[in-house]
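Dumped query-v3.pdb below, it's PDB, C-alpha atoms:
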```
ATOM      1  CA  MET A   1     -46.558  35.354 -29.380
ATOM      2  CA  SER A   2     -47.668  31.990 -30.762
ATOM      3  CA  TRP A   3     -50.989  30.700 -29.450
ATOM      4  CA  LEU A   4     -51.106  26.978 -30.227
ATOM      5  CA  GLY A   5     -54.165  24.766 -30.130
ATOM      6  CA  LEU A   6     -55.868  26.739 -27.369
ATOM      7  CA  SER A   7     -59.412  28.047 -27.224
ATOM      8  CA  THR A   8     -59.599  29.243 -23.606
ATOM      9  CA  ARG A   9     -59.644  32.814 -22.289
ATOM     10  CA  LEU A  10     -55.908  33.130 -21.736
ATOM     11  CA  PRO A  11     -55.678  36.360 -23.784
ATOM     12  CA  GLY A  12     -56.977  38.238 -20.758
ATOM     13  CA  PHE A  13     -53.536  37.718 -19.231
ATOM     14  CA  PHE A  14     -51.592  39.016 -22.261
ATOM     15  CA  PRO A  15     -50.247  42.562 -22.509
ATOM     16  CA  GLU A  16     -52.343  44.517 -25.003
ATOM     17  CA  GLN A  17     -49.400  45.340 -27.275
ATOM     18  CA  VAL A  18     -48.423  41.700 -27.906
ATOM     19  CA  LYS A  19     -48.828  40.533 -31.497
ATOM     20  CA  THR A  20     -50.254  37.044 -31.776
ATOM     21  CA  ILE A  21     -50.215  34.153 -34.237
ATOM     22  CA  GLN A  22     -52.961  31.622 -33.517
ATOM     23  CA  VAL A  23     -52.619  28.067 -34.818
ATOM     24  CA  ASN A  24     -55.554  25.672 -34.438
ATOM     25  CA  ASN A  25     -56.915  22.704 -36.377
ATOM     26  CA  HIS A  26     -60.545  23.691 -35.572
ATOM     27  CA  ILE A  27     -61.673  26.559 -37.746
ATOM     28  CA  ALA A  28     -64.358  27.627 -35.256
ATOM     29  CA  ASP A  29     -61.683  28.353 -32.648
ATOM     30  CA  LEU A  30     -59.667  30.665 -34.861
ATOM     31  CA  GLY A  31     -60.231  34.241 -33.742
ATOM     32  CA  ASN A  32     -62.835  33.148 -31.208
ATOM     33  CA  GLN A  33     -60.981  34.274 -28.085
ATOM     34  CA  VAL A  34     -58.205  36.444 -29.468
ATOM     35  CA  ALA A  35     -57.890  38.995 -32.268
ATOM     36  CA  ALA A  36     -54.676  37.563 -33.698
ATOM     37  CA  GLU A  37     -52.625  39.218 -36.414
ATOM     38  CA  GLN A  38     -52.368  35.882 -38.203
ATOM     39  CA  LEU A  39     -54.760  32.932 -38.067
ATOM     40  CA  VAL A  40     -53.457  29.547 -39.247
ATOM     41  CA  LEU A  41     -55.712  26.531 -39.792
ATOM     42  CA  ALA A  42     -53.266  23.692 -39.158
ATOM     43  CA  ASP A  43     -52.064  21.065 -36.720
ATOM     44  CA  ALA A  44     -49.760  22.888 -34.281
ATOM     45  CA  ALA A  45     -47.055  20.191 -34.225
ATOM     46  CA  THR A  46     -46.921  20.005 -38.021
ATOM     47  CA  TYR A  47     -46.917  23.791 -38.313
ATOM     48  CA  PHE A  48     -43.961  24.220 -35.976
ATOM     49  CA  LYS A  49     -42.020  21.344 -37.548
ATOM     50  CA  GLN A  50     -42.357  22.856 -40.990
ATOM     51  CA  LEU A  51     -41.601  26.344 -39.661
ATOM     52  CA  ASN A  52     -38.346  25.148 -38.098
ATOM     53  CA  GLU A  53     -37.340  23.225 -41.210
ATOM     54  CA  SER A  54     -37.918  26.310 -43.360
ATOM     55  CA  GLN A  55     -35.356  28.391 -41.467
ATOM     56  CA  PRO A  56     -32.106  28.957 -43.429
ATOM     57  CA  SER A  57     -29.954  28.068 -40.422
ATOM     58  CA  PRO A  58     -30.562  27.155 -36.781
ATOM     59  CA  LYS A  59     -30.699  30.190 -34.522
ATOM     60  CA  GLN A  60     -28.020  30.171 -31.872
ATOM     61  CA  ALA A  61     -29.211  30.091 -28.290
ATOM     62  CA  GLY A  62     -28.768  33.466 -26.660
ATOM     63  CA  ALA A  63     -28.116  34.645 -23.120
ATOM     64  CA  PHE A  64     -31.788  34.855 -22.240
ATOM     65  CA  LEU A  65     -32.436  31.217 -23.159
ATOM     66  CA  ALA A  66     -29.366  30.079 -21.225
ATOM     67  CA  ALA A  67     -30.511  32.029 -18.148
ATOM     68  CA  CYS A  68     -34.004  30.551 -18.411
ATOM     69  CA  GLN A  69     -32.572  27.041 -18.657
ATOM     70  CA  THR A  70     -30.534  27.646 -15.503
ATOM     71  CA  ALA A  71     -33.593  29.044 -13.728
ATOM     72  CA  LYS A  72     -35.573  25.968 -14.793
ATOM     73  CA  GLN A  73     -32.887  23.708 -13.341
ATOM     74  CA  ASN A  74     -32.952  25.708 -10.102
ATOM     75  CA  TRP A  75     -36.707  25.208  -9.948
ATOM     76  CA  GLN A  76     -36.277  21.459 -10.414
ATOM     77  CA  ASP A  77     -33.723  21.520  -7.608
ATOM     78  CA  TYR A  78     -36.295  23.197  -5.366
ATOM     79  CA  LEU A  79     -38.859  20.471  -6.108
ATOM     80  CA  ASN A  80     -36.250  17.772  -5.473
ATOM     81  CA  ARG A  81     -35.466  19.305  -2.102
ATOM     82  CA  ARG A  82     -39.157  19.194  -1.275
ATOM     83  CA  VAL A  83     -39.097  15.476  -2.086
ATOM     84  CA  GLU A  84     -35.995  14.828   0.004
ATOM     85  CA  ARG A  85     -37.444  16.751   2.940
ATOM     86  CA  ALA A  86     -40.032  14.012   3.466
ATOM     87  CA  THR A  87     -38.643  11.705   6.157
ATOM     88  CA  ASP A  88     -41.130  10.961   8.929
ATOM     89  CA  SER A  89     -44.057  12.397   6.942
ATOM     90  CA  LEU A  90     -44.951  12.997   3.311
ATOM     91  CA  THR A  91     -44.886  16.136   1.225
ATOM     92  CA  ALA A  92     -47.105  16.321  -1.841
ATOM     93  CA  GLU A  93     -43.953  16.546  -3.957
ATOM     94  CA  ALA A  94     -42.695  13.267  -2.475
ATOM     95  CA  VAL A  95     -45.968  11.529  -3.353
ATOM     96  CA  ILE A  96     -45.909  12.712  -6.968
ATOM     97  CA  ALA A  97     -42.243  11.768  -7.292
ATOM     98  CA  GLY A  98     -43.051   8.283  -6.017
ATOM     99  CA  LEU A  99     -46.026   8.045  -8.344
ATOM    100  CA  ASN A 100     -43.749   8.796 -11.293
ATOM    101  CA  THR A 101     -41.890   5.522 -10.620
ATOM    102  CA  VAL A 102     -44.974   3.499 -11.622
ATOM    103  CA  ILE A 103     -46.146   5.663 -14.543
ATOM    104  CA  ASP A 104     -46.274   4.054 -17.992
ATOM    105  CA  PRO A 105     -45.191   5.878 -21.167
ATOM    106  CA  GLY A 106     -48.808   5.913 -22.364
ATOM    107  CA  ALA A 107     -50.526   6.775 -19.100
ATOM    108  CA  VAL A 108     -53.660   8.928 -19.046
ATOM    109  CA  TYR A 109     -54.141  11.271 -16.089
ATOM    110  CA  GLY A 110     -57.469  12.452 -14.703
ATOM    111  CA  LEU A 111     -56.676  15.498 -12.577
ATOM    112  CA  ASP A 112     -59.064  16.888  -9.988
ATOM    113  CA  VAL A 113     -59.289  20.568  -9.055
ATOM    114  CA  GLY A 114     -57.304  22.235  -6.283
ATOM    115  CA  ASN A 115     -53.718  22.309  -5.093
ATOM    116  CA  ASN A 116     -53.486  18.704  -6.228
ATOM    117  CA  THR A 117     -53.692  20.085  -9.776
ATOM    118  CA  VAL A 118     -50.734  22.387  -9.113
ATOM    119  CA  TRP A 119     -48.580  19.625  -7.675
ATOM    120  CA  SER A 120     -49.529  17.221 -10.476
ATOM    121  CA  LEU A 121     -48.759  19.593 -13.323
ATOM    122  CA  ARG A 122     -45.443  20.572 -11.768
ATOM    123  CA  GLN A 123     -44.116  17.045 -11.420
ATOM    124  CA  LEU A 124     -46.073  14.320 -13.204
ATOM    125  CA  ARG A 125     -44.267  12.711 -16.095
ATOM    126  CA  PHE A 126     -45.176  14.080 -19.519
ATOM    127  CA  ASP A 127     -41.952  13.013 -21.185
ATOM    128  CA  GLN A 128     -43.331  10.344 -23.522
ATOM    129  CA  HIS A 129     -46.925   9.737 -24.644
ATOM    130  CA  GLN A 130     -48.770  10.560 -21.434
ATOM    131  CA  ARG A 131     -52.022  12.483 -21.767
ATOM    132  CA  MET A 132     -54.183  14.341 -19.269
ATOM    133  CA  THR A 133     -57.664  15.737 -18.747
ATOM    134  CA  MET A 134     -58.780  18.308 -16.188
ATOM    135  CA  SER A 135     -61.671  20.693 -15.555
ATOM    136  CA  ALA A 136     -59.761  23.741 -16.736
ATOM    137  CA  TRP A 137     -62.793  25.818 -17.751
ATOM    138  CA  PHE A 138     -65.248  25.283 -14.875
ATOM    139  CA  GLY A 139     -62.816  24.207 -12.149
ATOM    140  CA  THR A 140     -65.141  21.423 -11.018
ATOM    141  CA  MET A 141     -64.055  19.675  -7.821
ATOM    142  CA  GLY A 142     -64.610  15.923  -7.975
ATOM    143  CA  TYR A 143     -63.672  15.745 -11.647
ATOM    144  CA  GLY A 144     -60.769  13.356 -11.210
ATOM    145  CA  LEU A 145     -62.562  10.137 -10.270
ATOM    146  CA  ALA A 146     -65.123  10.414 -13.077
ATOM    147  CA  ALA A 147     -62.397  11.367 -15.535
ATOM    148  CA  GLY A 148     -60.652   8.124 -14.651
ATOM    149  CA  ILE A 149     -63.783   6.162 -15.566
ATOM    150  CA  ALA A 150     -64.103   7.901 -18.931
ATOM    151  CA  ALA A 151     -60.399   7.531 -19.687
ATOM    152  CA  LYS A 152     -60.372   3.800 -18.970
ATOM    153  CA  PHE A 153     -63.388   3.205 -21.208
ATOM    154  CA  GLU A 154     -61.821   5.291 -23.978
ATOM    155  CA  TYR A 155     -58.315   3.789 -23.598
ATOM    156  CA  PRO A 156     -58.823   0.318 -22.069
ATOM    157  CA  GLU A 157     -55.250  -0.786 -22.826
ATOM    158  CA  ARG A 158     -53.580   2.249 -21.267
ATOM    159  CA  GLN A 159     -52.747   2.916 -17.632
ATOM    160  CA  VAL A 160     -55.144   5.442 -16.070
ATOM    161  CA  VAL A 161     -54.202   7.449 -12.985
ATOM    162  CA  THR A 162     -56.329  10.004 -11.151
ATOM    163  CA  VAL A 163     -54.992  12.535  -8.654
ATOM    164  CA  SER A 164     -57.427  14.202  -6.244
ATOM    165  CA  GLY A 165     -57.405  16.128  -3.025
ATOM    166  CA  ASP A 166     -59.378  14.713  -0.132
ATOM    167  CA  GLY A 167     -62.013  17.440  -0.582
ATOM    168  CA  GLY A 168     -62.705  16.592  -4.208
ATOM    169  CA  PHE A 169     -62.538  12.850  -3.633
ATOM    170  CA  ALA A 170     -65.041  13.024  -0.769
ATOM    171  CA  MET A 171     -67.568  14.717  -3.065
ATOM    172  CA  VAL A 172     -67.687  11.819  -5.538
ATOM    173  CA  VAL A 173     -66.395   8.767  -3.658
ATOM    174  CA  GLN A 174     -69.496   6.857  -4.818
ATOM    175  CA  ASP A 175     -68.005   6.840  -8.333
ATOM    176  CA  LEU A 176     -65.549   4.277  -7.044
ATOM    177  CA  LEU A 177     -68.426   1.772  -7.099
ATOM    178  CA  THR A 178     -68.695   2.320 -10.852
ATOM    179  CA  GLN A 179     -65.007   1.560 -11.273
ATOM    180  CA  VAL A 180     -65.508  -1.631  -9.245
ATOM    181  CA  GLN A 181     -68.652  -2.667 -11.116
ATOM    182  CA  TYR A 182     -67.072  -2.337 -14.542
ATOM    183  CA  ARG A 183     -63.727  -3.790 -13.443
ATOM    184  CA  LEU A 184     -61.719  -0.675 -14.272
ATOM    185  CA  PRO A 185     -58.216  -0.960 -12.778
ATOM    186  CA  VAL A 186     -57.698   2.771 -12.288
ATOM    187  CA  LEU A 187     -55.075   4.014  -9.819
ATOM    188  CA  ASN A 188     -56.760   6.763  -7.753
ATOM    189  CA  VAL A 189     -54.325   8.837  -5.677
ATOM    190  CA  ILE A 190     -55.633  11.044  -2.852
ATOM    191  CA  LEU A 191     -53.462  13.835  -1.476
ATOM    192  CA  GLU A 192     -54.983  14.152   1.985
ATOM    193  CA  ASN A 193     -54.408  17.241   4.125
ATOM    194  CA  GLY A 194     -57.809  17.691   5.760
ATOM    195  CA  GLY A 195     -58.753  20.953   4.107
ATOM    196  CA  TYR A 196     -59.505  22.997   1.004
ATOM    197  CA  GLY A 197     -55.941  24.171   0.460
ATOM    198  CA  PHE A 198     -56.478  26.003  -2.815
ATOM    199  CA  ILE A 199     -59.287  28.104  -1.357
ATOM    200  CA  GLN A 200     -57.158  28.727   1.729
ATOM    201  CA  GLN A 201     -54.418  30.110  -0.503
ATOM    202  CA  GLU A 202     -56.894  32.340  -2.331
ATOM    203  CA  LYS A 203     -58.202  33.721   0.962
ATOM    204  CA  GLN A 204     -54.718  34.368   2.278
ATOM    205  CA  ALA A 205     -53.926  36.373  -0.852
ATOM    206  CA  VAL A 206     -56.752  38.833  -0.079
ATOM    207  CA  GLY A 207     -56.267  38.883   3.695
ATOM    208  CA  GLU A 208     -59.249  36.731   4.628
ATOM    209  CA  GLY A 209     -59.390  34.010   7.298
ATOM    210  CA  ASP A 210     -59.707  30.244   6.895
ATOM    211  CA  TYR A 211     -63.379  29.986   7.868
ATOM    212  CA  GLY A 212     -65.018  26.679   6.876
ATOM    213  CA  LEU A 213     -61.978  25.212   5.151
ATOM    214  CA  ARG A 214     -61.127  22.310   7.457
ATOM    215  CA  PHE A 215     -63.005  18.998   7.583
ATOM    216  CA  ASN A 216     -62.797  15.479   8.985
ATOM    217  CA  ASN A 217     -61.696  12.612   6.782
ATOM    218  CA  ALA A 218     -62.726   8.996   6.598
ATOM    219  CA  ASN A 219     -60.169   6.229   6.266
ATOM    220  CA  TRP A 220     -60.395   6.339   2.475
ATOM    221  CA  ALA A 221     -58.301   3.216   2.014
ATOM    222  CA  GLY A 222     -60.738   1.368   4.293
ATOM    223  CA  VAL A 223     -63.716   2.824   2.431
ATOM    224  CA  ALA A 224     -62.209   1.617  -0.831
ATOM    225  CA  GLN A 225     -61.799  -1.905   0.568
ATOM    226  CA  ASN A 226     -65.437  -1.947   1.679
ATOM    227  CA  MET A 227     -66.498  -0.877  -1.815
ATOM    228  CA  GLY A 228     -64.639  -3.765  -3.411
ATOM    229  CA  ALA A 229     -61.542  -1.871  -4.501
ATOM    230  CA  VAL A 230     -57.980  -2.153  -3.228
ATOM    231  CA  GLY A 231     -57.221   0.365  -0.489
ATOM    232  CA  LEU A 232     -53.643   1.452   0.261
ATOM    233  CA  ARG A 233     -52.583   4.073   2.788
ATOM    234  CA  ALA A 234     -49.267   5.886   3.272
ATOM    235  CA  THR A 235     -48.169   8.438   5.867
ATOM    236  CA  ASN A 236     -44.381   8.350   5.333
ATOM    237  CA  PRO A 237     -41.879   7.442   2.594
ATOM    238  CA  THR A 238     -41.511   3.841   3.760
ATOM    239  CA  GLU A 239     -45.253   3.230   3.612
ATOM    240  CA  LEU A 240     -45.461   4.995   0.243
ATOM    241  CA  ALA A 241     -42.768   2.754  -1.235
ATOM    242  CA  ALA A 242     -44.579  -0.331   0.101
ATOM    243  CA  ALA A 243     -47.901   0.842  -1.335
ATOM    244  CA  LEU A 244     -46.394   1.481  -4.767
ATOM    245  CA  ALA A 245     -44.706  -1.937  -4.678
ATOM    246  CA  GLN A 246     -48.080  -3.508  -3.926
ATOM    247  CA  TYR A 247     -49.604  -1.617  -6.839
ATOM    248  CA  ARG A 248     -46.912  -3.011  -9.162
ATOM    249  CA  THR A 249     -47.767  -6.516  -7.943
ATOM    250  CA  LEU A 250     -51.465  -5.959  -8.691
ATOM    251  CA  VAL A 251     -50.668  -4.722 -12.193
ATOM    252  CA  ALA A 252     -48.377  -7.683 -12.866
ATOM    253  CA  ALA A 253     -51.148 -10.058 -11.750
ATOM    254  CA  ASN A 254     -53.647  -8.316 -14.083
ATOM    255  CA  ASP A 255     -55.870  -7.520 -11.106
ATOM    256  CA  LEU A 256     -58.867  -5.598 -12.472
ATOM    257  CA  ARG A 257     -59.882  -3.942  -9.229
ATOM    258  CA  PRO A 258     -59.446  -0.176  -8.970
ATOM    259  CA  VAL A 259     -56.849   0.992  -6.453
ATOM    260  CA  VAL A 260     -57.140   3.882  -4.016
ATOM    261  CA  LEU A 261     -53.854   5.186  -2.646
ATOM    262  CA  GLU A 262     -54.546   7.488   0.290
ATOM    263  CA  ALA A 263     -51.424   9.576   0.893
ATOM    264  CA  VAL A 264     -51.528  11.690   4.041
ATOM    265  CA  ILE A 265     -49.387  14.757   3.344
ATOM    266  CA  SER A 266     -48.068  17.662   5.394
ATOM    267  CA  ASP A 267     -50.464  20.589   5.590
ATOM    268  CA  GLU A 268     -48.422  22.940   3.416
ATOM    269  CA  LEU A 269     -49.479  25.052   0.462
ATOM    270  CA  PRO A 270     -47.643  24.837  -2.860
ATOM    271  CA  LEU A 271     -45.329  27.724  -3.590
ATOM    272  CA  ASP A 272     -47.297  30.515  -5.284
ATOM    273  CA  THR A 273     -45.234  31.269  -8.388
ATOM    274  CA  SER A 274     -47.556  33.988  -9.691
ATOM    275  CA  ARG A 275     -45.500  36.544  -7.751
ATOM    276  CA  MET A 276     -41.913  35.633  -6.889
ATOM    277  CA  ILE A 277     -40.293  38.483  -4.942
ATOM    278  CA  LEU A 278     -36.680  37.838  -5.942
ATOM    279  CA  ASP A 279     -35.635  40.753  -8.136
ATOM    280  CA  THR A 280     -34.235  43.682  -6.137
ATOM    281  CA  SER A 281     -34.614  45.951  -9.176
ATOM    282  CA  ARG A 282     -38.376  45.540  -8.928
ATOM    283  CA  TYR A 283     -38.803  45.161  -5.170
ATOM    284  CA  GLY A 284     -36.950  46.648  -2.229
ATOM    285  CA  GLN A 285     -34.011  44.787  -0.743
ATOM    286  CA  ALA A 286     -35.828  44.323   2.572
ATOM    287  CA  GLU A 287     -38.928  42.896   0.876
ATOM    288  CA  VAL A 288     -36.856  40.489  -1.192
ATOM    289  CA  GLN A 289     -34.888  39.321   1.835
ATOM    290  CA  GLN A 290     -38.059  38.758   3.857
ATOM    291  CA  TYR A 291     -39.530  36.701   1.027
ATOM    292  CA  ARG A 292     -36.348  34.676   0.659
ATOM    293  CA  ASP A 293     -36.259  34.012   4.407
ATOM    294  CA  ASN A 294     -39.918  32.941   4.491
ATOM    295  CA  GLN A 295     -39.541  30.613   1.489
ATOM    296  CA  GLN A 296     -36.023  29.418   2.348
ATOM    297  CA  PHE A 297     -34.760  30.732  -0.985
ATOM    298  CA  ASP A 298     -31.142  31.733  -0.477
ATOM    299  CA  ALA A 299     -29.818  34.081  -3.161
ATOM    300  CA  THR A 300     -26.864  31.856  -4.048
ATOM    301  CA  THR A 301     -28.954  28.775  -4.812
ATOM    302  CA  TYR A 302     -31.961  30.595  -6.264
ATOM    303  CA  PRO A 303     -30.865  33.830  -7.970
ATOM    304  CA  SER A 304     -33.447  35.886  -9.822
ATOM    305  CA  LEU A 305     -33.555  35.731 -13.603
ATOM    306  CA  ALA A 306     -32.227  39.302 -13.703
ATOM    307  CA  ASP A 307     -29.240  38.303 -11.576
ATOM    308  CA  LEU A 308     -28.559  35.290 -13.782
ATOM    309  CA  LEU A 309     -28.508  37.505 -16.865
ATOM    310  CA  ALA A 310     -26.343  40.155 -15.189
ATOM    311  CA  ASN A 311     -23.773  37.885 -13.558
ATOM    312  CA  ASN A 312     -23.424  34.814 -15.734
ATOM    313  CA  PHE A 313     -24.595  35.437 -19.245
TER     314      PHE A 313
END
```
File written out as structure tokens:
Amino acid sequence: MSWLGLSTRLPGFFPEQVKTIQVNNHIADLGNQVAAEQLVLADAATYFKQLNESQPSPKQAGAFLAACQTAKQNWQDYLNRRVERATDSLTAEAVIAGLNTVIDPGAVYGLDVGNNTVWSLRQLRFDQHQRMTMSAWFGTMGYGLAAGIAAKFEYPERQVVTVSGDGGFAMVVQDLLTQVQYRLPVLNVILENGGYGFIQQEKQAVGEGDYGLRFNNANWAGVAQNMGAVGLRATNPTELAAALAQYRTLVAANDLRPVVLEAVISDELPLDTSRMILDTSRYGQAEVQQYRDNQQFDATTYPSLADLLANNF
């Protein structure tokens, strides 16, 4: 396994028998979190480029890669269906998909902590020169708004977008005044569902109730207006499209006010992909069918990776 440019405690999730090559351009990080068989002091992108160029001939893609590519496309289809499902209300997937239509190639994202992080990382555009920052180590709620301030000071010519849940945003809404004071035209997106969804999902996983996880919201778009920012609010696809069109107009006019886009979403949790009960060779047929019924995963559209390998490759 190649471990590239990381210094976090991910090795705790690796099987013990896995052999590891760690590549990092900071010597202090080499061997710090993992006892790798090979430590390489190098830039990861340069290392891999030279490694590929040194191969005598390109390796042909095998059945496993082809099956994984099909599974990845099936996953994208699932996300697209979640976007298309939004008609009279908004899903989080629909909001992120809409947000992607106004993202610049060099955008910098400040991601808060919670289910909003999951939705963002699954769908936000990272296909060009976009960059991101998040509180991956401490998991600090409220990180997004402050990250947007730092990003705009560091990269004044680049578009800066923050994505927060309503819980995290409410903790640090006063930071919006700093964005206003210093004329930082950051786009701050709030995914509002009136609760701590990530904690709710954690409690469900261990059979606990939802005690203390719901809260009242302010009209965050109105709060933003009163703070001197631009406040936009969307509760359905039509309103979301109008809000994004207004944001484009503000950008074209070089308006230096920060923007708060309050998107009221359906109270649904993101699909937990840490345990997908799809493979009948690992789980019983009844358990798989119950999972498929609950998640609306029909076997024809969403076969397991094992089935893809067995039937098509």
**OP:** Write out as a VMD selection string the residues lying within 8 Å of Gly228 of chain A, counting all atoms listed in the file and excluding same-chain residues fewer than 2 positions away.
**Re:** chain A and resid 177 180 224 to 226 230 257
**OP:** Carefully work through the PyMOL selection byres ((chain A and resi 293-306) around 12) for this structure and note down the residues it includes, as number ranges by chain.
**Re:** A: 63-78, 81-82, 268-273, 276-283, 285-292, 307-313
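The smallest atom-to-atom distance between Asn116 of chain A and any of A:Thr91, A:Ser2, A:Asn32, A:Asn217, using all atoms listed in the file, is found for A:Thr91.
Of the residues under consideration (A:Leu213, A:Val251, A:Ala36, A:Ala92), A:Leu213 shows the shortest atom-to-atom contact distance to Ile199 of chain A when counting all atoms listed in the file.
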If we count only C-alpha atoms, what is near Tyr247 of chain A at a cut-off of 10 Å, once residues fewer than 3 positions away on the same chain are taken out, given as an mmCIF file with C-alpha atoms, in the frame of the given file?
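Printed below is result_33.cif as written:
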```
data_model
loop_
_atom_site.group_PDB
_atom_site.id
_atom_site.type_symbol
_atom_site.label_atom_id
_atom_site.label_comp_id
_atom_site.auth_asym_id
_atom_site.auth_seq_id
_atom_site.Cartn_x
_atom_site.Cartn_y
_atom_site.Cartn_z
ATOM 1 C CA VAL A 102 -44.974 3.499 -11.622
ATOM 2 C CA LEU A 187 -55.075 4.014 -9.819
ATOM 3 C CA VAL A 230 -57.980 -2.153 -3.228
ATOM 4 C CA LEU A 232 -53.643 1.452 0.261
ATOM 5 C CA ALA A 241 -42.768 2.754 -1.235
ATOM 6 C CA ALA A 242 -44.579 -0.331 0.101
ATOM 7 C CA ALA A 243 -47.901 0.842 -1.335
ATOM 8 C CA LEU A 244 -46.394 1.481 -4.767
ATOM 9 C CA LEU A 250 -51.465 -5.959 -8.691
ATOM 10 C CA VAL A 251 -50.668 -4.722 -12.193
ATOM 11 C CA ALA A 252 -48.377 -7.683 -12.866
ATOM 12 C CA ALA A 253 -51.148 -10.058 -11.750
ATOM 13 C CA ASP A 255 -55.870 -7.520 -11.106
ATOM 14 C CA VAL A 259 -56.849 0.992 -6.453
ATOM 15 C CA VAL A 260 -57.140 3.882 -4.016
ATOM 16 C CA LEU A 261 -53.854 5.186 -2.646
#
```
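Minimum atom-to-atom distances from A:Lys152, A:Asp112, A:Val34, A:Gln174 to Ser135 of chain A were compared using only C-alpha atoms, and the lowest value belongs to A:Asp112.
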**OP:** Given the file shown, enumerate the residues that the PyMOL selection byres ((chain A and resi 185) around 6) captures and present them as a list in words.
**Re:** Leu184, Val186, Leu256, Arg257 and Pro258 of chain A
Once N, CA and C atoms are restored for segment 163-174 of chain A, what would the output be as a CSV table (one decimal), in the coordinates of the input?
```csv
chain,number,residue,atom,x,y,z
A,163,VAL,N,-55.6,11.9,-9.8
A,163,VAL,CA,-55.0,12.5,-8.7
A,163,VAL,C,-56.0,13.5,-8.1
A,164,SER,N,-56.4,13.4,-6.9
A,164,SER,CA,-57.4,14.2,-6.2
A,164,SER,C,-57.0,14.7,-4.9
A,165,GLY,N,-57.5,15.8,-4.4
A,165,GLY,CA,-57.4,16.1,-3.0
A,165,GLY,C,-58.5,15.4,-2.2
A,166,ASP,N,-58.4,15.4,-0.9
A,166,ASP,CA,-59.4,14.7,-0.1
A,166,ASP,C,-60.7,15.4,-0.2
A,167,GLY,N,-60.7,16.7,-0.4
A,167,GLY,CA,-62.0,17.4,-0.6
A,167,GLY,C,-62.8,17.0,-1.8
A,168,GLY,N,-62.1,17.0,-3.0
A,168,GLY,CA,-62.7,16.6,-4.2
A,168,GLY,C,-63.1,15.1,-4.2
A,169,PHE,N,-62.2,14.3,-3.7
A,169,PHE,CA,-62.5,12.8,-3.6
A,169,PHE,C,-63.8,12.6,-2.8
A,170,ALA,N,-63.9,13.3,-1.7
A,170,ALA,CA,-65.0,13.0,-0.8
A,170,ALA,C,-66.4,13.4,-1.4
A,171,MET,N,-66.3,14.3,-2.4
A,171,MET,CA,-67.6,14.7,-3.1
A,171,MET,C,-68.1,13.6,-4.0
A,172,VAL,N,-67.3,12.8,-4.5
A,172,VAL,CA,-67.7,11.8,-5.5
A,172,VAL,C,-67.2,10.4,-5.2
A,173,VAL,N,-67.0,10.1,-4.0
A,173,VAL,CA,-66.4,8.8,-3.7
A,173,VAL,C,-67.3,7.6,-4.2
A,174,GLN,N,-68.6,7.9,-4.3
A,174,GLN,CA,-69.5,6.9,-4.8
A,174,GLN,C,-69.1,6.4,-6.2
```
